[in-house]
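Student: Compact mmCIF, C-alpha atoms, saved as entry_37.txt, coming up:
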```txt
# COMPACT_ATOMS: atom_id res chain seq x y z
CA MET W 1 92.96 85.49 134.60
CA LYS W 2 94.05 88.64 136.30
CA THR W 3 93.11 92.13 135.21
CA VAL W 4 95.87 94.18 133.67
CA LYS W 5 97.25 96.88 135.93
CA THR W 6 95.66 100.17 134.95
CA HIS W 7 98.01 102.28 132.89
CA VAL W 8 98.15 106.04 132.66
CA CYS W 9 97.93 107.57 129.19
CA HIS W 10 101.16 109.30 128.18
CA ILE W 11 99.17 111.92 126.27
CA ASP W 12 96.86 113.35 128.92
CA ARG W 13 97.82 111.36 132.07
CA LYS W 14 94.30 109.94 132.36
CA LYS W 15 93.37 106.30 132.86
CA CYS W 16 94.10 104.12 129.81
CA ASP W 17 90.76 103.12 128.25
CA ALA W 18 92.09 99.86 126.80
CA THR W 19 93.37 98.37 130.07
CA ALA W 20 90.69 99.64 132.44
CA SER W 21 88.48 96.55 132.11
CA TYR W 22 90.60 94.12 130.10
CA SER W 23 91.59 90.71 131.40
CA GLY W 24 93.57 88.00 129.71
CA ALA W 25 97.07 89.42 129.43
CA ASP W 26 98.61 87.64 132.41
CA ALA W 27 100.82 85.62 130.02
CA VAL W 28 102.45 88.79 128.68
CA ALA W 29 105.32 90.57 130.39
CA GLU W 30 104.55 94.08 131.66
CA TRP W 31 107.18 95.71 129.42
CA ARG W 32 105.75 93.94 126.36
CA LEU W 33 102.25 95.13 127.16
CA GLN W 34 103.40 98.70 126.62
CA GLU W 35 104.19 97.87 122.98
CA LEU W 36 100.83 96.16 122.47
CA LEU W 37 98.66 98.99 123.77
CA PRO W 38 96.46 100.47 121.00
CA CYS W 39 97.74 104.02 121.43
CA ASP W 40 97.72 104.33 117.63
CA ARG W 41 93.92 103.97 117.71
CA CYS W 42 93.34 106.11 120.79
CA ARG W 43 94.37 109.56 122.13
CA GLN W 44 97.78 109.46 120.49
CA ALA W 45 96.15 108.86 117.10
CA GLU W 46 93.75 111.73 117.78
CA LEU W 47 96.67 114.04 118.60
CA HIS W 48 98.47 113.16 115.37
CA ALA W 49 95.31 113.37 113.25
CA ASN W 50 94.57 116.85 114.62
CA ALA W 51 98.11 117.99 113.79
CA ILE W 52 98.16 116.62 110.25
CA LYS W 53 96.95 119.85 108.64
CA GLY W 54 100.44 121.32 108.98
CA LEU W 55 102.27 118.48 107.24
CA SER W 56 104.23 118.72 104.03
CA PHE W 57 105.98 115.74 102.47
CA GLY W 58 109.14 115.53 100.43
CA LYS W 59 109.68 112.85 97.81
CA HIS W 60 111.42 110.52 100.27
CA GLU W 61 108.60 110.68 102.83
CA ARG W 62 106.03 110.02 100.09
CA ARG W 63 107.97 107.06 98.74
CA VAL W 64 108.57 105.45 102.14
CA LEU W 65 104.94 105.82 103.21
CA LEU W 66 103.68 104.35 99.93
CA GLU W 67 106.15 101.45 99.98
CA ALA W 68 105.70 100.58 103.66
CA PRO W 69 103.50 97.54 104.43
CA SER W 70 99.92 98.17 105.50
CA SER W 71 99.06 98.62 109.16
CA GLU W 72 97.85 95.00 109.43
CA ALA W 73 100.79 93.45 107.58
CA LYS W 74 104.10 92.27 109.00
CA TYR W 75 106.86 94.77 109.55
CA SER W 76 109.27 94.91 106.63
CA ILE W 77 112.34 96.77 105.37
CA VAL W 78 111.84 99.76 103.08
CA PRO W 79 115.16 99.98 101.20
CA PRO W 80 116.69 103.23 99.92
CA ILE W 81 116.33 104.03 96.23
CA GLY W 82 120.09 103.78 95.72
CA THR W 83 123.22 102.43 97.37
CA SER W 84 124.98 105.65 98.31
CA ARG W 85 125.39 106.95 101.83
CA SER W 86 123.15 109.88 100.92
CA ASP W 87 120.39 107.54 99.78
CA ASN W 88 120.58 105.60 103.04
CA GLU W 89 120.48 108.75 105.16
CA SER W 90 117.55 110.23 103.21
CA THR W 91 115.54 107.06 103.79
CA ARG W 92 116.41 106.99 107.49
CA ARG W 93 115.39 110.63 107.88
CA ALA W 94 112.11 109.98 106.09
CA ILE W 95 111.36 107.03 108.37
CA ARG W 96 112.14 109.06 111.49
CA ARG W 97 109.94 111.95 110.36
CA LEU W 98 107.01 109.75 109.40
CA ALA W 99 107.23 107.91 112.72
CA GLY W 100 107.43 111.23 114.56
CA VAL W 101 104.14 112.44 113.10
CA GLY W 102 102.40 109.12 113.74
CA LEU W 103 102.20 107.77 110.18
CA LEU W 104 104.72 104.97 110.52
CA SER W 105 105.45 102.32 113.14
CA ILE W 106 109.03 101.14 113.66
CA SER W 107 110.25 97.79 114.92
CA GLU W 108 113.40 95.68 114.80
CA GLU W 109 113.69 92.27 113.21
CA ARG W 110 116.20 89.66 114.25
CA VAL W 111 118.00 88.34 111.19
CA LYS W 112 120.22 85.26 111.08
CA LYS W 113 122.69 85.04 108.21
CA GLN W 114 124.73 81.99 107.34
CA ILE W 115 128.43 82.84 106.99
CA GLY W 116 129.95 79.37 106.85
CA PRO W 117 129.46 75.89 105.40
CA THR W 118 127.29 74.52 108.23
CA GLN W 119 123.97 75.65 109.70
CA TRP W 120 125.77 76.64 112.89
CA ASP W 121 128.06 79.14 111.12
CA THR W 122 125.71 82.07 111.43
CA ARG W 123 125.72 85.71 112.46
CA THR W 124 122.71 87.34 114.10
CA TYR W 125 121.93 91.03 113.76
CA TYR W 126 118.94 93.37 113.94
CA VAL W 127 117.49 95.47 111.13
CA ARG W 128 114.97 98.31 111.31
CA THR W 129 111.59 97.37 109.91
CA VAL W 130 108.48 99.48 109.41
CA ARG W 131 104.81 99.41 108.56
CA ARG W 132 102.15 102.08 108.32
CA SER W 133 100.36 103.08 111.47
CA PRO W 134 96.55 103.04 111.30
CA LEU W 135 96.70 106.79 110.61
CA GLY W 136 99.35 106.26 107.94
CA GLN W 137 97.16 103.59 106.36
CA ALA W 138 94.19 105.95 106.37
CA VAL W 139 96.30 108.65 104.71
CA VAL W 140 97.39 106.27 101.93
CA ASP W 141 93.81 105.09 101.45
CA LYS W 142 92.49 108.66 101.21
CA VAL W 143 95.22 110.52 99.32
CA GLY W 144 97.55 107.80 98.02
CA THR W 145 97.11 108.98 94.43
CA ASP W 146 98.13 112.51 95.39
CA LEU W 147 101.13 111.19 97.31
CA MET W 148 102.22 109.24 94.26
CA SER W 149 101.83 112.18 91.88
CA GLY W 150 103.48 114.72 94.17
CA LYS W 151 100.36 116.86 94.24
CA VAL W 152 99.93 119.31 97.13
CA ILE W 153 97.49 117.80 99.62
CA ARG W 154 94.74 119.94 101.15
CA TRP W 155 94.67 118.28 104.55
CA SER W 156 91.74 120.39 105.74
CA LEU W 157 89.52 118.44 103.31
CA HIS W 158 90.49 115.09 104.85
CA GLN W 159 91.27 115.76 108.51
CA LEU W 160 87.87 114.87 110.00
CA ALA W 161 87.57 111.73 107.87
CA LEU W 162 91.06 110.59 108.92
CA LEU W 163 90.25 111.16 112.58
CA SER W 164 87.01 109.20 112.40
CA GLU W 165 88.82 106.40 110.58
CA VAL W 166 91.50 105.82 113.20
CA ARG W 167 90.02 106.93 116.54
CA LEU W 168 88.32 104.09 118.41
CA HIS W 169 86.46 104.08 121.71
CA GLY W 170 85.22 101.64 124.34
CA ASP W 171 84.77 98.02 123.27
CA GLU W 172 86.37 98.64 119.86
CA LEU W 173 89.57 99.80 121.52
CA ILE W 174 89.59 96.83 123.90
CA ALA W 175 89.02 94.46 120.96
CA VAL W 176 92.14 95.79 119.20
CA PHE W 177 94.17 95.36 122.38
CA ASP W 178 92.86 91.83 122.84
CA ARG W 179 93.72 90.89 119.26
CA ARG W 180 97.28 92.17 119.68
CA VAL W 181 97.77 90.35 122.97
CA ARG W 182 96.47 87.08 121.53
CA GLY W 183 98.65 87.47 118.47
CA HIS W 184 101.70 88.03 120.67
CA VAL W 185 100.93 84.93 122.76
CA ASP W 186 100.44 82.79 119.63
CA GLU W 187 103.70 84.06 118.15
CA ARG W 188 105.57 83.31 121.36
CA GLU W 189 104.18 79.78 121.49
CA THR W 190 105.25 79.20 117.88
CA ILE W 191 108.81 80.32 118.67
CA LEU W 192 108.96 78.17 121.79
CA GLY W 193 107.74 75.18 119.79
CA GLU W 194 110.48 75.72 117.20
CA LEU W 195 113.11 75.99 119.95
CA ARG W 196 111.87 72.78 121.58
CA SER W 197 112.03 71.00 118.22
CA LEU W 198 115.56 72.27 117.59
CA SER W 199 116.64 71.20 121.06
CA GLY W 200 115.23 67.71 120.45
CA ASN W 201 117.13 67.42 117.16
CA VAL W 202 120.41 68.42 118.82
CA GLU W 203 119.97 65.88 121.57
```
Starting from the file, give its structure as structure tokens.

Tutor:
Amino acid sequence: MKTVKTHVCHIDRKKCDATASYSGADAVAEWRLQELLPCDRCRQAELHANAIKGLSFGKHERRVLLEAPSSEAKYSIVPPIGTSRSDNESTRRAIRRLAGVGLLSISEERVKKQIGPTQWDTRTYYVRTVRRSPLGQAVVDKVGTDLMSGKVIRWSLHQLALLSEVRLHGDELIAVFDRRVRGHVDERETILGELRSLSGNVE
């Protein structure tokens, strides 16, 4: 297997630690590799953890972070608390803010909805899905009770612990990258198998 082309970190423009000596990703497209890089356990996570002392959360940010799936779970939808346009916008703003400070990861899920009497009468669309980042998971683990109660959080008491929880180095970082690459390859093979089965049934 070939060695992954060395990437440059978008935080400090230095060599990416995860790809420097990793091999085994030749089955993954270059653009997809960018999404699999463990930036959320590396310098990007360190940057966000160091900036967390200035954070303050409103009720929508607290709710979204608490309801979001864990960092190791599948991405999922966090619905608004109501059905009004204001409720939807408040939830979207909370998601954007949490993602901006490194506590939430955002993805898109392809959804197929049946709109007619047969299995072929379907409409496909994409929905925004989320899960906690490793830093977001560490925050919930450390101060989840305070988030739930609305209590003011003294980030200075937790900052070092959060940083040590999420920041990985060396072989640990490479292991996370390897696990993500292998998971992506397995998922792709599952999808291809389902498509081959569907094609066989049609024929």

Student: Would you mind listing what lies within 10 Å of W:Arg180 as number ranges by chain, with all atoms listed in the file counted and same-chain residues fewer than 6 positions away left out?

Tutor: W: 33, 35-38, 174, 186

Student: Excluding same-chain residues fewer than 3 positions from stretch 146-163 of chain W, what lies within 6 Å of it counting all atoms listed in the file, as a PyMOL selection string?

Tutor: chain W and resi 49+53+62+143+166-167

Student: Counting only C-alpha atoms, which residue out of W:Cys42, W:Val139, W:Ile95, W:Ile81 sits closest to W:Ala18?

Tutor: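 Among W:Cys42, W:Val139, W:Ile95, W:Ile81, it is W:Cys42 that comes nearest to W:Ala18.
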
Student: Nearest residue to W:Gly102 out of W:Val127, W:Ala68, W:Val8, W:Ala51, using all atoms listed in the file?

Tutor: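 Looking only at the distances to W:Gly102, the closest residue turns out to be W:Ala51.
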
Student: Would you kindly return, as a PyMOL selection string, each protein, DNA or RNA residue with an atom no farther than 9 Å from any atom of stretch 9-16 of chain W, considering all atoms listed in the file and excluding same-chain residues fewer than 5 positions away?

Tutor: chain W and resi 39+43-44+47

Student: Can you measure atom CA of W:Arg131 to atom CA of W:Glu108 for me? One decimal in Å is fine.

Tutor: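 Taking atom CA of W:Arg131 as the start and atom CA of W:Glu108 as the end point, the length is 11.3 Å.
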
Student: Just checking: using only C-alpha atoms, which residue out of W:Thr190, W:Gln34, W:Thr19, W:Ser107 ends up closest to W:Tyr75?

Tutor: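 Of W:Thr190, W:Gln34, W:Thr19, W:Ser107, the one nearest W:Tyr75, counting only C-alpha atoms, is W:Ser107.
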
Student: Compare W:Asp40, W:Glu89, W:Glu172, W:Asp17 by their minimum atom-to-atom distance to W:Val101, counting all atoms listed in the file, and give me the closest one.

Tutor: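 Using all atoms listed in the file, the shortest distance to W:Val101 belongs to W:Asp40.
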
Student: Near W:Arg97, counting only C-alpha atoms, which residues have an atom at most 9 Å away, once you skip same-chain residues fewer than 6 positions from it, shown as a PyMOL selection string?

Tutor: chain W and resi 61+103-104

Student: Using atom CA of W:Pro134 and atom CA of W:Thr91 as the two end points, give the distance in Å to one decimal.

Tutor: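 The value is 20.8 Å.
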
Student: For a quick check of understanding, using all atoms listed in the file, which of W:Gly170, W:Gly100, W:Gly144, W:Pro117 has the smallest distance to W:Leu55?

Tutor: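 When distances to W:Leu55 are compared using all atoms listed in the file, the smallest one comes from W:Gly100.
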
Student: State, in Å with one decimal place, the distance from atom CA of W:Ile106 to atom CA of W:Arg63.

Tutor: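 Atom-to-atom, atom CA of W:Ile106 and atom CA of W:Arg63 are spaced 16.1 Å apart.
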
Student: Counting all atoms listed in the file, which of W:Val111, W:Ile52, W:Ala45, W:Val130 gets nearest to W:Val64?

Tutor: W:Val130
